[in-house]
Every structure is written in structure tokens, then in C-alpha cells.
>>> print(open('final_14.tsv').read())   # TSV, C-alpha atoms and all ligand atoms
chain	number	residue	atom	x	y	z
U	23	MET	CA	0.00	0.00	0.00
U	24	TYR	CA	1.11	3.58	-0.57
U	25	PRO	CA	-0.70	6.51	1.10
U	26	TRP	CA	-0.73	9.44	-1.31
U	27	GLN	CA	0.26	12.73	0.39
U	28	SER	CA	1.60	15.24	-2.11
U	29	PRO	CA	3.61	15.35	-5.37
U	30	LYS	CA	6.65	16.62	-3.38
U	31	GLN	CA	6.48	13.72	-0.90
U	32	ALA	CA	5.92	11.24	-3.77
U	33	ALA	CA	9.06	12.52	-5.56
U	34	LYS	CA	11.11	12.05	-2.35
U	35	ASP	CA	9.65	8.57	-1.89
U	36	ILE	CA	10.50	7.54	-5.47
U	37	TRP	CA	14.09	8.67	-4.85
U	38	PHE	CA	14.21	6.50	-1.70
U	39	ILE	CA	12.68	3.50	-3.52
U	40	LEU	CA	15.22	3.77	-6.36
U	41	HIS	CA	18.04	3.70	-3.81
U	42	ALA	CA	16.50	0.64	-2.12
U	43	ARG	CA	16.40	-1.18	-5.49
U	44	ARG	CA	20.00	-0.27	-6.17
U	45	ALA	CA	21.07	-1.33	-2.65
U	46	SER	CA	19.23	-4.62	-3.08
U	47	ARG	CA	21.16	-5.39	-6.31
U	48	ALA	CA	24.45	-4.31	-4.71
U	49	LEU	CA	23.98	-6.90	-1.92
U	50	ALA	CA	24.73	-9.66	-4.48
U	51	ARG	CA	28.46	-8.97	-3.90
U	52	PHE	CA	28.17	-10.44	-0.38
U	53	ASP	CA	28.03	-14.19	-0.73
U	54	GLN	CA	26.10	-14.71	2.53
U	55	ALA	CA	22.56	-15.81	3.43
U	56	PRO	CA	21.77	-12.63	5.47
U	57	ALA	CA	22.67	-10.53	2.40
U	58	SER	CA	20.08	-12.40	0.30
U	59	GLN	CA	17.53	-11.96	3.10
U	60	LEU	CA	18.24	-8.22	3.30
U	61	ALA	CA	18.06	-7.91	-0.51
U	62	LEU	CA	14.66	-9.64	-0.50
U	63	ALA	CA	13.35	-7.34	2.28
U	64	LEU	CA	14.48	-4.30	0.24
U	65	ARG	CA	12.78	-5.63	-2.91
U	66	GLU	CA	9.54	-6.21	-0.97
U	67	PHE	CA	9.85	-2.68	0.38
U	68	ALA	CA	10.39	-1.24	-3.11
U	69	ARG	CA	7.28	-3.11	-4.38
U	70	PHE	CA	5.20	-1.82	-1.41
U	71	SER	CA	4.47	-5.45	-0.72
U	72	ALA	CA	2.06	-6.06	2.20
U	73	ASP	CA	-0.53	-8.78	2.88
U	74	ALA	CA	-3.98	-8.04	4.32
U	75	PRO	CA	-3.10	-8.13	8.07
U	76	GLU	CA	0.01	-6.03	7.35
U	77	ARG	CA	-2.04	-3.48	5.39
U	78	GLU	CA	-4.49	-3.20	8.28
U	79	TRP	CA	-1.70	-2.38	10.77
U	80	LEU	CA	0.09	-0.08	8.34
U	81	TRP	CA	-3.11	1.91	7.74
U	82	ARG	CA	-3.77	2.12	11.47
U	83	CYS	CA	-0.29	3.55	12.16
U	84	GLU	CA	-0.33	5.81	9.11
U	85	ARG	CA	-3.81	7.23	9.86
U	86	PHE	CA	-2.60	7.96	13.34
U	87	ARG	CA	0.59	9.63	12.04
U	88	GLN	CA	-1.47	11.83	9.73
U	89	GLU	CA	-3.86	12.82	12.55
U	90	LEU	CA	-0.89	13.68	14.77
U	91	CYS	CA	0.48	15.98	12.03
U	92	GLY	CA	-2.55	18.21	12.66
U	93	SER	CA	-2.38	18.18	16.48
U	94	GLU	CA	-2.17	21.56	18.24
U	95	GLU	CA	-1.30	20.05	21.62
U	96	LYS	CA	1.77	21.76	23.07
U	97	VAL	CA	4.77	19.92	24.53
U	98	ARG	CA	8.16	20.95	25.88
U	99	MET	CA	11.22	19.48	24.19
U	100	ARG	CA	14.74	19.60	25.57
U	101	ASN	CA	17.25	21.41	23.37
U	102	PHE	CA	20.38	19.32	23.88
U	103	GLY	CA	22.47	21.52	21.55
U	104	LYS	CA	21.77	24.62	23.64
U	105	GLU	CA	22.30	22.70	26.88
U	106	ALA	CA	25.77	21.67	25.68
U	107	GLU	CA	26.59	25.34	24.96
U	108	THR	CA	25.21	26.85	28.17
U	109	GLY	CA	25.52	23.98	30.65
U	110	GLN	CA	21.90	24.63	31.71
U	111	LEU	CA	18.60	22.85	31.05
U	112	HIS	CA	16.84	24.38	28.04
U	113	PHE	CA	13.35	23.65	26.73
U	114	ASP	CA	11.61	24.71	23.50
U	115	GLU	CA	7.85	24.53	23.03
U	116	TYR	CA	6.34	22.81	19.99
U	117	THR	CA	2.97	21.40	19.01
U	118	LEU	CA	2.75	17.64	18.48
U	119	GLY	CA	1.82	18.49	14.88
U	120	GLU	CA	5.09	20.38	14.35
U	121	LEU	CA	7.13	17.51	15.81
U	122	CYS	CA	5.27	15.01	13.66
U	123	ARG	CA	5.68	16.99	10.42
U	124	VAL	CA	9.33	17.87	10.95
U	125	GLY	CA	10.89	15.27	13.26
U	126	ALA	CA	8.98	12.02	12.71
U	127	LYS	CA	9.68	9.72	9.78
U	128	PRO	CA	7.28	9.88	6.85
U	129	TYR	CA	5.38	6.74	5.83
U	130	VAL	CA	7.95	5.23	3.45
U	131	TRP	CA	10.81	5.44	5.96
U	132	ASN	CA	8.62	3.70	8.53
U	133	PHE	CA	7.52	1.10	6.00
U	134	LEU	CA	11.16	0.09	5.45
U	135	LEU	CA	11.65	-0.48	9.20
U	136	PHE	CA	8.40	-2.46	9.21
U	137	ARG	CA	9.60	-4.70	6.31
U	138	LEU	CA	13.00	-5.29	7.96
U	139	ILE	CA	11.39	-6.41	11.22
U	140	ARG	CA	8.88	-8.60	9.38
U	141	SER	CA	11.72	-10.23	7.45
U	142	PHE	CA	14.37	-10.70	10.17
U	143	ARG	CA	11.88	-11.33	13.02
U	144	PRO	CA	14.10	-9.87	15.79
U	145	LEU	CA	12.99	-10.51	19.36
U	146	ARG	CA	14.91	-7.86	21.31
U	147	CYS	CA	14.76	-4.47	19.62
U	148	LEU	CA	16.19	-1.10	20.59
U	149	GLU	CA	15.28	2.35	19.29
U	150	ILE	CA	17.39	5.42	20.08
U	151	GLY	CA	15.12	8.46	19.54
U	152	THR	CA	11.42	7.87	20.30
U	153	SER	CA	10.20	11.44	19.87
U	154	ILE	CA	6.38	11.11	19.93
U	155	GLY	CA	6.37	7.44	18.96
U	156	VAL	CA	5.67	7.47	15.20
U	157	SER	CA	8.52	5.19	14.09
U	158	THR	CA	8.02	3.14	17.27
U	159	SER	CA	4.42	2.46	16.21
U	160	PHE	CA	5.39	0.98	12.81
U	161	GLN	CA	8.19	-1.14	14.30
U	162	SER	CA	5.89	-2.32	17.10
U	163	ALA	CA	3.17	-3.16	14.55
U	164	ALA	CA	5.67	-5.45	12.76
U	165	LEU	CA	6.60	-7.11	16.08
U	166	THR	CA	2.92	-7.58	16.93
U	167	LEU	CA	2.34	-9.27	13.55
U	168	ASN	CA	5.42	-11.44	14.14
U	169	GLY	CA	3.72	-12.64	17.33
U	170	ALA	CA	6.86	-12.11	19.44
U	171	GLY	CA	9.38	-9.43	20.30
U	172	THR	CA	9.67	-6.22	22.26
U	173	ILE	CA	11.15	-2.78	21.58
U	174	GLU	CA	12.85	-0.60	24.18
U	175	THR	CA	12.84	3.02	23.07
U	176	LEU	CA	14.91	5.93	24.44
U	177	GLU	CA	13.95	9.61	24.52
U	178	GLY	CA	15.46	12.59	26.34
U	179	SER	CA	12.34	14.78	26.59
U	180	GLU	CA	9.81	13.68	29.17
U	181	ASP	CA	6.79	15.29	27.46
U	182	LEU	CA	7.61	13.52	24.19
U	183	SER	CA	8.17	10.12	25.78
U	184	ARG	CA	4.88	10.41	27.71
U	185	ALA	CA	3.05	11.46	24.51
U	186	ALA	CA	4.58	8.43	22.75
U	187	ASP	CA	3.34	6.08	25.52
U	188	ARG	CA	-0.14	7.51	25.13
U	189	HIS	CA	-0.06	7.20	21.32
U	190	LEU	CA	1.18	3.63	21.38
U	191	SER	CA	-1.41	2.45	23.87
U	192	SER	CA	-4.21	4.15	21.91
U	193	LEU	CA	-3.07	2.08	18.89
U	194	GLY	CA	-3.33	-1.10	20.98
U	195	ILE	CA	0.44	-1.61	21.08
U	196	SER	CA	1.84	-3.34	24.16
U	197	CYS	CA	5.31	-4.50	23.07
U	198	ALA	CA	7.07	-1.10	23.41
U	199	ARG	CA	8.64	0.35	26.55
U	200	GLY	CA	9.90	3.92	26.83
U	201	TYR	CA	12.87	5.23	28.84
U	202	ILE	CA	13.32	8.92	29.64
U	203	GLY	CA	16.74	10.56	29.89
U	204	GLU	CA	19.84	11.48	27.94
U	205	PHE	CA	21.00	8.57	25.77
U	206	GLN	CA	24.44	8.77	27.36
U	207	VAL	CA	22.78	7.95	30.70
U	208	THR	CA	19.91	5.61	29.74
U	209	LEU	CA	21.66	3.52	27.07
U	210	PRO	CA	24.14	1.65	29.36
U	211	GLU	CA	21.32	0.75	31.77
U	212	VAL	CA	18.94	-0.38	28.98
U	213	LEU	CA	21.70	-2.48	27.37
U	214	ARG	CA	22.27	-4.24	30.70
U	215	VAL	CA	18.53	-4.90	31.08
U	216	MET	CA	18.20	-6.18	27.50
U	217	GLY	CA	21.31	-8.39	27.60
U	218	THR	CA	21.11	-9.21	23.87
U	219	ILE	CA	20.01	-7.10	20.93
U	220	ASP	CA	18.72	-8.46	17.62
U	221	TYR	CA	17.80	-5.11	16.07
U	222	ALA	CA	18.76	-1.49	16.74
U	223	PHE	CA	17.44	1.67	15.09
U	224	ILE	CA	19.53	4.78	15.77
U	225	ASP	CA	17.54	7.95	15.12
U	226	GLY	CA	18.72	10.73	17.41
U	227	HIS	CA	21.82	12.73	18.42
U	228	LEU	CA	23.07	13.06	14.83
U	229	GLU	CA	26.61	13.79	15.76
U	230	PRO	CA	29.47	11.64	14.41
U	231	THR	CA	31.31	11.07	17.71
U	232	ALA	CA	28.07	10.16	19.50
U	233	THR	CA	27.02	7.89	16.60
U	234	LEU	CA	30.29	5.93	16.82
U	235	ARG	CA	30.17	5.88	20.62
U	236	TYR	CA	26.64	4.36	20.61
U	237	PHE	CA	27.78	1.81	18.00
U	238	GLU	CA	30.71	0.72	20.20
U	239	MET	CA	28.43	0.55	23.25
U	240	ILE	CA	25.78	-1.55	21.50
U	241	LYS	CA	28.13	-3.87	19.56
U	242	PRO	CA	29.03	-6.25	22.44
U	243	TYR	CA	25.31	-6.90	22.99
U	244	LEU	CA	24.43	-7.79	19.39
U	245	SER	CA	23.32	-11.33	18.55
U	246	ASP	CA	24.48	-13.14	15.40
U	247	ASN	CA	22.97	-11.62	12.26
U	248	ALA	CA	21.65	-8.64	14.21
U	249	LEU	CA	20.30	-5.69	12.23
U	250	TYR	CA	21.69	-2.21	12.90
U	251	VAL	CA	19.88	0.65	11.17
U	252	CYS	CA	21.43	4.15	11.16
U	253	SER	CA	19.25	7.05	10.21
U	254	TRP	CA	20.35	10.13	8.29
U	255	ILE	CA	23.73	8.78	7.15
U	256	ARG	CA	24.03	11.78	4.83
U	257	TRP	CA	22.96	14.41	7.39
U	258	SER	CA	26.50	15.83	7.33
U	259	GLU	CA	29.94	14.89	6.07
U	260	GLY	CA	30.78	13.78	9.61
U	261	MET	CA	27.73	11.47	9.76
U	262	HIS	CA	28.69	9.95	6.41
U	263	SER	CA	32.21	9.31	7.59
U	264	ALA	CA	30.81	7.74	10.81
U	265	TRP	CA	28.72	5.43	8.58
U	266	ASN	CA	31.85	4.50	6.59
U	267	LYS	CA	33.64	3.63	9.84
U	268	ILE	CA	30.71	1.45	10.96
U	269	ILE	CA	30.66	-0.57	7.72
U	270	ALA	CA	34.44	-1.09	7.95
U	271	ASP	CA	34.00	-2.89	11.30
U	272	PRO	CA	35.14	-6.55	11.21
U	273	CYS	CA	31.78	-7.65	12.73
U	274	VAL	CA	29.88	-6.50	9.62
U	275	VAL	CA	28.47	-9.35	7.53
U	276	CYS	CA	26.86	-7.16	4.86
U	277	TYR	CA	25.32	-3.73	4.51
U	278	ALA	CA	22.95	-1.71	2.36
U	279	ASP	CA	23.22	2.02	1.69
U	280	VAL	CA	19.62	3.14	1.23
U	281	TYR	CA	20.62	6.80	1.00
U	282	LYS	CA	18.63	8.00	4.03
U	283	TYR	CA	19.23	4.86	6.07
U	284	GLY	CA	22.25	2.65	6.38
U	285	VAL	CA	21.33	-0.95	7.19
U	286	VAL	CA	23.98	-3.33	8.51
U	287	VAL	CA	23.92	-7.01	9.43
U	288	LEU	CA	26.49	-7.81	12.12
U	289	ASN	CA	27.79	-10.90	13.84
U	290	LYS	CA	28.99	-11.20	17.40
U	291	LYS	CA	32.77	-10.99	17.66
U	301	LIG	C1	14.60	12.46	14.93
U	301	LIG	S1	13.85	12.39	16.49
U	301	LIG	C2	13.23	10.73	16.53
U	301	LIG	C3	12.09	10.52	15.58
U	301	LIG	C4	11.38	9.19	15.71
U	301	LIG	N1	12.32	8.09	15.65
U	301	LIG	C5	10.34	9.05	14.62
U	301	LIG	O1	10.73	8.95	13.45
U	301	LIG	O2	9.15	9.04	14.94
U	301	LIG	C6	15.20	12.30	17.61
U	301	LIG	C7	14.81	12.35	19.08
U	301	LIG	O3	16.00	12.12	19.84
U	301	LIG	C8	15.96	12.93	21.01
U	301	LIG	N2	17.36	13.20	21.40
U	301	LIG	C9	18.33	13.81	20.66
U	301	LIG	N3	19.50	13.81	21.31
U	301	LIG	C10	19.28	13.18	22.50
U	301	LIG	C11	20.12	12.82	23.61
U	301	LIG	N4	21.41	13.13	23.64
U	301	LIG	N5	19.56	12.15	24.64
U	301	LIG	C12	18.24	11.85	24.63
U	301	LIG	N6	17.39	12.15	23.60
U	301	LIG	C13	17.91	12.81	22.55
U	301	LIG	C14	15.21	14.18	20.62
U	301	LIG	O4	14.55	14.70	21.75
U	301	LIG	C15	14.26	13.68	19.53
U	301	LIG	O5	12.97	13.50	20.02
>>> encode(input="final_14.tsv", output="C-alpha cells")
Amino acid sequence: MYPWQSPKQAAKDIWFILHARRASRALARFDQAPASQLALALREFARFSADAPEREWLWRCERFRQELCGSEEKVRMRNFGKEAETGQLHFDEYTLGELCRVGAKPYVWNFLLFRLIRSFRPLRCLEIGTSIGVSTSFQSAALTLNGAGTIETLEGSEDLSRAADRHLSSLGISCARGYIGEFQVTLPEVLRVMGTIDYAFIDGHLEPTATLRYFEMIKPYLSDNALYVCSWIRWSEGMHSAWNKIIADPCVVCYADVYKYGVVVLNKK
């Protein structure tokens, strides 16, 4: 299914789909079963493939995302950039609609996460960057359809994390659990609680040093053939070079550069 939004969004989505097709073909150079599995998931994504129960969940999450885009409810969001400069807590006020339109992933980005989770069937999932729970809802929908699996999701702004909890429970999602606090503080504790990670989606703190630090922190917890998805790998030159360092890691089995996302399959050391 593809929810029509606007010609501009459709043009961006076509660009993304073309990259997914190209990444799927490029995976042929890795002579490994997980590479074929990832290539198939990308092809299914590029065909907008979804069966009836999947379409029902996808519509439910997408309708909700679109409703949220119009919400006027106000929330306070921590400004971590300003806090680093001033050394003091700093909050900005936004409506949920603004956060949804600007910060949350559009449908197609979420659909790719959904297809990856449906294909690889991870049990223990981690998301860094909940915001108001839009991407969490699509990933949780895939876990719910899989019939097993949970997602632990980290967010630094209390108002946003609480809004996400509310949104997820109104969608009937029970496999997601939110943690409030700076990633630097919550991540080590959540990793200890989780023990093993089959899937991680990194979508916050788009800073190269932090990106590599989180990768090094998460790596010892990854299971064999774990999926690691990095968002915004072309956000800046520094983010792209962080992505290049990640794919050069000896634990990497194969990877796909989907332009906006980098998807890696890793093995335990
Ligand atoms: C791009 S948004 C996540 C969007 C969400 N994954 C979605 O698509 O629906 C990134 C989130 O990370 C949070 N964040 C950024 N840096 C953080 C940090 N150092 N610690 C905790 N949260 C942080 C922000 O508050 C923001 O809500």
C-alpha cells in the first residue's frame, strides 16, 4: 500500500525506492545468506508489498501519524544543543503536529523499518530516539504481527516520551517500553537490562562522535545476524564518515546504503 500525500512527498519517496532497489542489487556482492535476506526485504519494500493483516496495521499507524500531524497540543522538548553550549537545562515549546511533520519519519521510511522487522523477526529491539512514537508504532506493529518481540525506546524529553506512551497504547500496542533521559545515561542501563540485541534503530543525536560511541556501546550486545539501522547517514559529512567507519568494522556481515538509512547485518565478535 502507498498513502498518497503530495507530489513533493511522492518525488522524495521515489528517490528513496530507487536507492532501495540499487542497494538490493548491490547486496549480491556479499556471498552470505543474510545478504540475500536483506536484498529480499528491500525488494519487498520497493514493491510496497504487504498482505492483508500487514495493510491493516500499516493503515492504522499511518492514519494515526497523519492525525498527529494536525495536532495543536503543546509539549516541551529539551534542546540538547543549547544545553551543551550553556551547561543549563533548556526547553523549546512545539505542538505535536510540528514535531510530527518535521521530526517524525514519513510513511515510506517507517515502512522500510516495518519490512525489515517482518523479514528478520528480531525478538529484542532497541530504538534510540522515540520522539512522539511514530517510528516506534510501525516497528511495534511489525513485532505484533510477528507474534513475538519487544522494543525498548529511548527519549530525552519527558513530554515527548509520555506522549509516545499515550499514542502507542491508543493504537493497541503493548510490546514497546519507553525510557526517559539522555541517551548517554539511559543507554548503558537499557543495554544491561536487554542483555542481547537483535535489532537497533539509531535515530537521534546526529553527531558523528556520538554515533560511533553508541555503536561501540551496543556492539558487544548484538546477537548473530543482528540488524543495525542508522538514520540520516548523509545528514552531514561527519555522519557519512561515521557510517563509513561502521561498515568497515570486522563484525559487519553485509550492509545496504539506502541513502537516508544505512542498514547493517552484524555478527557477534
Ligand atoms: C529524529 S527524532 C526521533 C524521531 C522518531 N524516531 C520518529 O521517526 O518518529 C530524535 C529524538 O531524539 C531525542 N534526542 C536527541 N539527542 C538526545 C540525547 N542526547 N539524549 C536523549 N534524547 C535525545 C530528541 O529529543 C528527539 O525526540
>>> residues_near_ligand(input="final_14.tsv", ligand="ligand LIG 301 (chain U)", cutoff="7 Å", atoms="only C-alpha atoms and all ligand atoms", output="list in words")
Met99, Arg100, Phe102, Gly125, Ala126, Lys127, Ile150, Gly151, Thr152, Ser153, Ile154, Gly155, Val156, Ser157, Thr158, Leu176, Glu177, Gly178, Ser179, Leu182, Gly203, Glu204, Phe205, Gln206, Asp225, Gly226 and His227 of chain U
>>> write_last_selection(input="final_14.tsv", atoms="C-alpha atoms", output="short mmCIF file (atom, residue, chain, number, x, y, z; two decimals), in the frame of the given file")
data_model
loop_
_atom_site.label_atom_id
_atom_site.label_comp_id
_atom_site.auth_asym_id
_atom_site.auth_seq_id
_atom_site.Cartn_x
_atom_site.Cartn_y
_atom_site.Cartn_z
CA MET U 99 11.22 19.48 24.19
CA ARG U 100 14.74 19.60 25.57
CA PHE U 102 20.38 19.32 23.88
CA GLY U 125 10.89 15.27 13.26
CA ALA U 126 8.98 12.02 12.71
CA LYS U 127 9.68 9.72 9.78
CA ILE U 150 17.39 5.42 20.08
CA GLY U 151 15.12 8.46 19.54
CA THR U 152 11.42 7.87 20.30
CA SER U 153 10.20 11.44 19.87
CA ILE U 154 6.38 11.11 19.93
CA GLY U 155 6.37 7.44 18.96
CA VAL U 156 5.67 7.47 15.20
CA SER U 157 8.52 5.19 14.09
CA THR U 158 8.02 3.14 17.27
CA LEU U 176 14.91 5.93 24.44
CA GLU U 177 13.95 9.61 24.52
CA GLY U 178 15.46 12.59 26.34
CA SER U 179 12.34 14.78 26.59
CA LEU U 182 7.61 13.52 24.19
CA GLY U 203 16.74 10.56 29.89
CA GLU U 204 19.84 11.48 27.94
CA PHE U 205 21.00 8.57 25.77
CA GLN U 206 24.44 8.77 27.36
CA ASP U 225 17.54 7.95 15.12
CA GLY U 226 18.72 10.73 17.41
CA HIS U 227 21.82 12.73 18.42
#
>>> atom_distance(input="final_14.tsv", atom1="atom CA of U:Asp35", atom2="atom CA of U:Asp73")
20.7 Å
>>> atom_distance(input="final_14.tsv", atom1="atom CA of U:Asn289", atom2="atom CA of U:Leu244")
7.2 Å
>>> closest_residue(input="final_14.tsv", among="U:Ile219, U:Leu90, U:Ala232, U:Leu167", to="U:Pro144", atoms="all atoms listed in the file")
U:Ile219
>>> atom_distance(input="final_14.tsv", atom1="atom CA of U:Asp220", atom2="atom CA of U:Arg146")
5.3 Å
>>> closest_residue(input="final_14.tsv", among="U:Ile255, U:Leu111, U:Val97, U:Leu134", to="U:Leu60", atoms="only C-alpha atoms")
U:Leu134
>>> residues_around(input="final_14.tsv", residues="stretch 264-273 of chain U", least_positions_apart="2", cutoff="8 Å", atoms="all atoms listed in the file", output="list in words")
Pro230, Thr231, Thr233, Leu234, Phe237, Cys252, Ile255, Gly260, Met261, His262, Val275, Tyr277, Gly284, Val286, Leu288, Asn289, Lys290 and Lys291 of chain U
>>> closest_residue(input="final_14.tsv", among="U:Asn132, U:Leu80, U:Ser183, U:Phe142", to="U:Leu118", atoms="all atoms listed in the file")
U:Ser183
>>> residues_near_point(input="final_14.tsv", point="(3.0, -0.7, 24.3)", cutoff="10 Å", atoms="all atoms listed in the file", output="MDAnalysis selection string")
chainID U and resid 158:159 162 172:174 186:200
>>> closest_residue(input="final_14.tsv", among="U:Glu105, U:Asp279, U:Glu120, U:Glu180", to="U:Val251", atoms="all atoms listed in the file")
U:Asp279
>>> closest_residue(input="final_14.tsv", among="U:His112, U:Arg98, U:Arg140, U:Lys282", to="U:Gly171", atoms="only C-alpha atoms")
U:Arg140
>>> closest_residue(input="final_14.tsv", among="U:Ile39, U:Ile139, U:Cys122, U:Ala50", to="U:Ala63", atoms="all atoms listed in the file")
U:Ile139
>>> axis_aligned_box(input="final_14.tsv", around="stretch 213-230 of chain U", padding_each_side="8 Å", output="JSON")
{"center_x": 23.5, "center_y": 2.3, "center_z": 22.7, "size_x": 28.0, "size_y": 39.0, "size_z": 32.7}
>>> closest_atom_pairs(input="final_14.tsv", of="stretch 48-162 of chain U", to="stretch 210-218 of chain U", cutoff="10 Å", atoms="all atoms listed in the file", output="CSV")
residue,atom,partner,partner_atom,distance
U:Leu145,CA,U:Thr218,CA,9.4
U:Arg146,CA,U:Thr218,CA,6.8
U:Cys147,CA,U:Met216,CA,8.8
U:Leu148,CA,U:Met216,CA,8.8
>>> residues_around(input="final_14.tsv", residues="U:Gln31", least_positions_apart="6", cutoff="10 Å", atoms="only C-alpha atoms", output="PyMOL selection string")
chain U and resi 37+128-130
>>> decode(input="final_14.tsv", residues="stretch 36-56 of chain U", atoms="N, CA and C atoms", output="PDB file, in the first residue's frame")
ATOM      1  N   ILE U  36       9.991   8.252  -4.294  1.00  0.00           N
ATOM      2  CA  ILE U  36      10.504   7.535  -5.472  1.00  0.00           C
ATOM      3  C   ILE U  36      12.037   7.477  -5.405  1.00  0.00           C
ATOM      4  N   TRP U  37      12.629   8.594  -5.002  1.00  0.00           N
ATOM      5  CA  TRP U  37      14.085   8.668  -4.847  1.00  0.00           C
ATOM      6  C   TRP U  37      14.576   7.598  -3.872  1.00  0.00           C
ATOM      7  N   PHE U  38      13.874   7.481  -2.748  1.00  0.00           N
ATOM      8  CA  PHE U  38      14.207   6.503  -1.703  1.00  0.00           C
ATOM      9  C   PHE U  38      14.061   5.074  -2.258  1.00  0.00           C
ATOM     10  N   ILE U  39      12.958   4.833  -2.968  1.00  0.00           N
ATOM     11  CA  ILE U  39      12.678   3.498  -3.524  1.00  0.00           C
ATOM     12  C   ILE U  39      13.765   3.102  -4.533  1.00  0.00           C
ATOM     13  N   LEU U  40      14.178   4.073  -5.366  1.00  0.00           N
ATOM     14  CA  LEU U  40      15.216   3.767  -6.362  1.00  0.00           C
ATOM     15  C   LEU U  40      16.521   3.374  -5.671  1.00  0.00           C
ATOM     16  N   HIS U  41      16.835   4.057  -4.563  1.00  0.00           N
ATOM     17  CA  HIS U  41      18.035   3.696  -3.811  1.00  0.00           C
ATOM     18  C   HIS U  41      17.901   2.307  -3.186  1.00  0.00           C
ATOM     19  N   ALA U  42      16.709   1.975  -2.717  1.00  0.00           N
ATOM     20  CA  ALA U  42      16.497   0.643  -2.124  1.00  0.00           C
ATOM     21  C   ALA U  42      16.706  -0.436  -3.183  1.00  0.00           C
ATOM     22  N   ARG U  43      16.210  -0.189  -4.399  1.00  0.00           N
ATOM     23  CA  ARG U  43      16.396  -1.176  -5.491  1.00  0.00           C
ATOM     24  C   ARG U  43      17.876  -1.344  -5.796  1.00  0.00           C
ATOM     25  N   ARG U  44      18.581  -0.211  -5.857  1.00  0.00           N
ATOM     26  CA  ARG U  44      20.001  -0.272  -6.168  1.00  0.00           C
ATOM     27  C   ARG U  44      20.767  -0.999  -5.048  1.00  0.00           C
ATOM     28  N   ALA U  45      20.398  -0.687  -3.799  1.00  0.00           N
ATOM     29  CA  ALA U  45      21.065  -1.332  -2.654  1.00  0.00           C
ATOM     30  C   ALA U  45      20.792  -2.834  -2.658  1.00  0.00           C
ATOM     31  N   SER U  46      19.588  -3.196  -3.042  1.00  0.00           N
ATOM     32  CA  SER U  46      19.232  -4.617  -3.085  1.00  0.00           C
ATOM     33  C   SER U  46      20.104  -5.352  -4.101  1.00  0.00           C
ATOM     34  N   ARG U  47      20.299  -4.759  -5.279  1.00  0.00           N
ATOM     35  CA  ARG U  47      21.158  -5.388  -6.311  1.00  0.00           C
ATOM     36  C   ARG U  47      22.610  -5.459  -5.828  1.00  0.00           C
ATOM     37  N   ALA U  48      23.048  -4.375  -5.152  1.00  0.00           N
ATOM     38  CA  ALA U  48      24.454  -4.314  -4.707  1.00  0.00           C
ATOM     39  C   ALA U  48      24.768  -5.389  -3.662  1.00  0.00           C
ATOM     40  N   LEU U  49      23.739  -5.884  -2.957  1.00  0.00           N
ATOM     41  CA  LEU U  49      23.981  -6.899  -1.922  1.00  0.00           C
ATOM     42  C   LEU U  49      24.455  -8.224  -2.513  1.00  0.00           C
ATOM     43  N   ALA U  50      24.296  -8.404  -3.832  1.00  0.00           N
ATOM     44  CA  ALA U  50      24.728  -9.655  -4.485  1.00  0.00           C
ATOM     45  C   ALA U  50      26.229  -9.876  -4.299  1.00  0.00           C
ATOM     46  N   ARG U  51      27.004  -8.801  -4.034  1.00  0.00           N
ATOM     47  CA  ARG U  51      28.455  -8.971  -3.896  1.00  0.00           C
ATOM     48  C   ARG U  51      28.833  -9.666  -2.584  1.00  0.00           C
ATOM     49  N   PHE U  52      27.897  -9.713  -1.638  1.00  0.00           N
ATOM     50  CA  PHE U  52      28.170 -10.439  -0.383  1.00  0.00           C
ATOM     51  C   PHE U  52      27.617 -11.855  -0.551  1.00  0.00           C
ATOM     52  N   ASP U  53      28.494 -12.838  -0.494  1.00  0.00           N
ATOM     53  CA  ASP U  53      28.030 -14.194  -0.728  1.00  0.00           C
ATOM     54  C   ASP U  53      27.576 -14.813   0.593  1.00  0.00           C
ATOM     55  N   GLN U  54      26.519 -14.283   1.185  1.00  0.00           N
ATOM     56  CA  GLN U  54      26.100 -14.708   2.526  1.00  0.00           C
ATOM     57  C   GLN U  54      24.578 -14.742   2.573  1.00  0.00           C
ATOM     58  N   ALA U  55      24.023 -15.696   3.336  1.00  0.00           N
ATOM     59  CA  ALA U  55      22.560 -15.813   3.433  1.00  0.00           C
ATOM     60  C   ALA U  55      21.894 -14.523   3.950  1.00  0.00           C
ATOM     61  N   PRO U  56      22.448 -13.848   4.998  1.00  0.00           N
ATOM     62  CA  PRO U  56      21.774 -12.627   5.472  1.00  0.00           C
ATOM     63  C   PRO U  56      21.703 -11.535   4.400  1.00  0.00           C
TER      64      PRO U  56
END
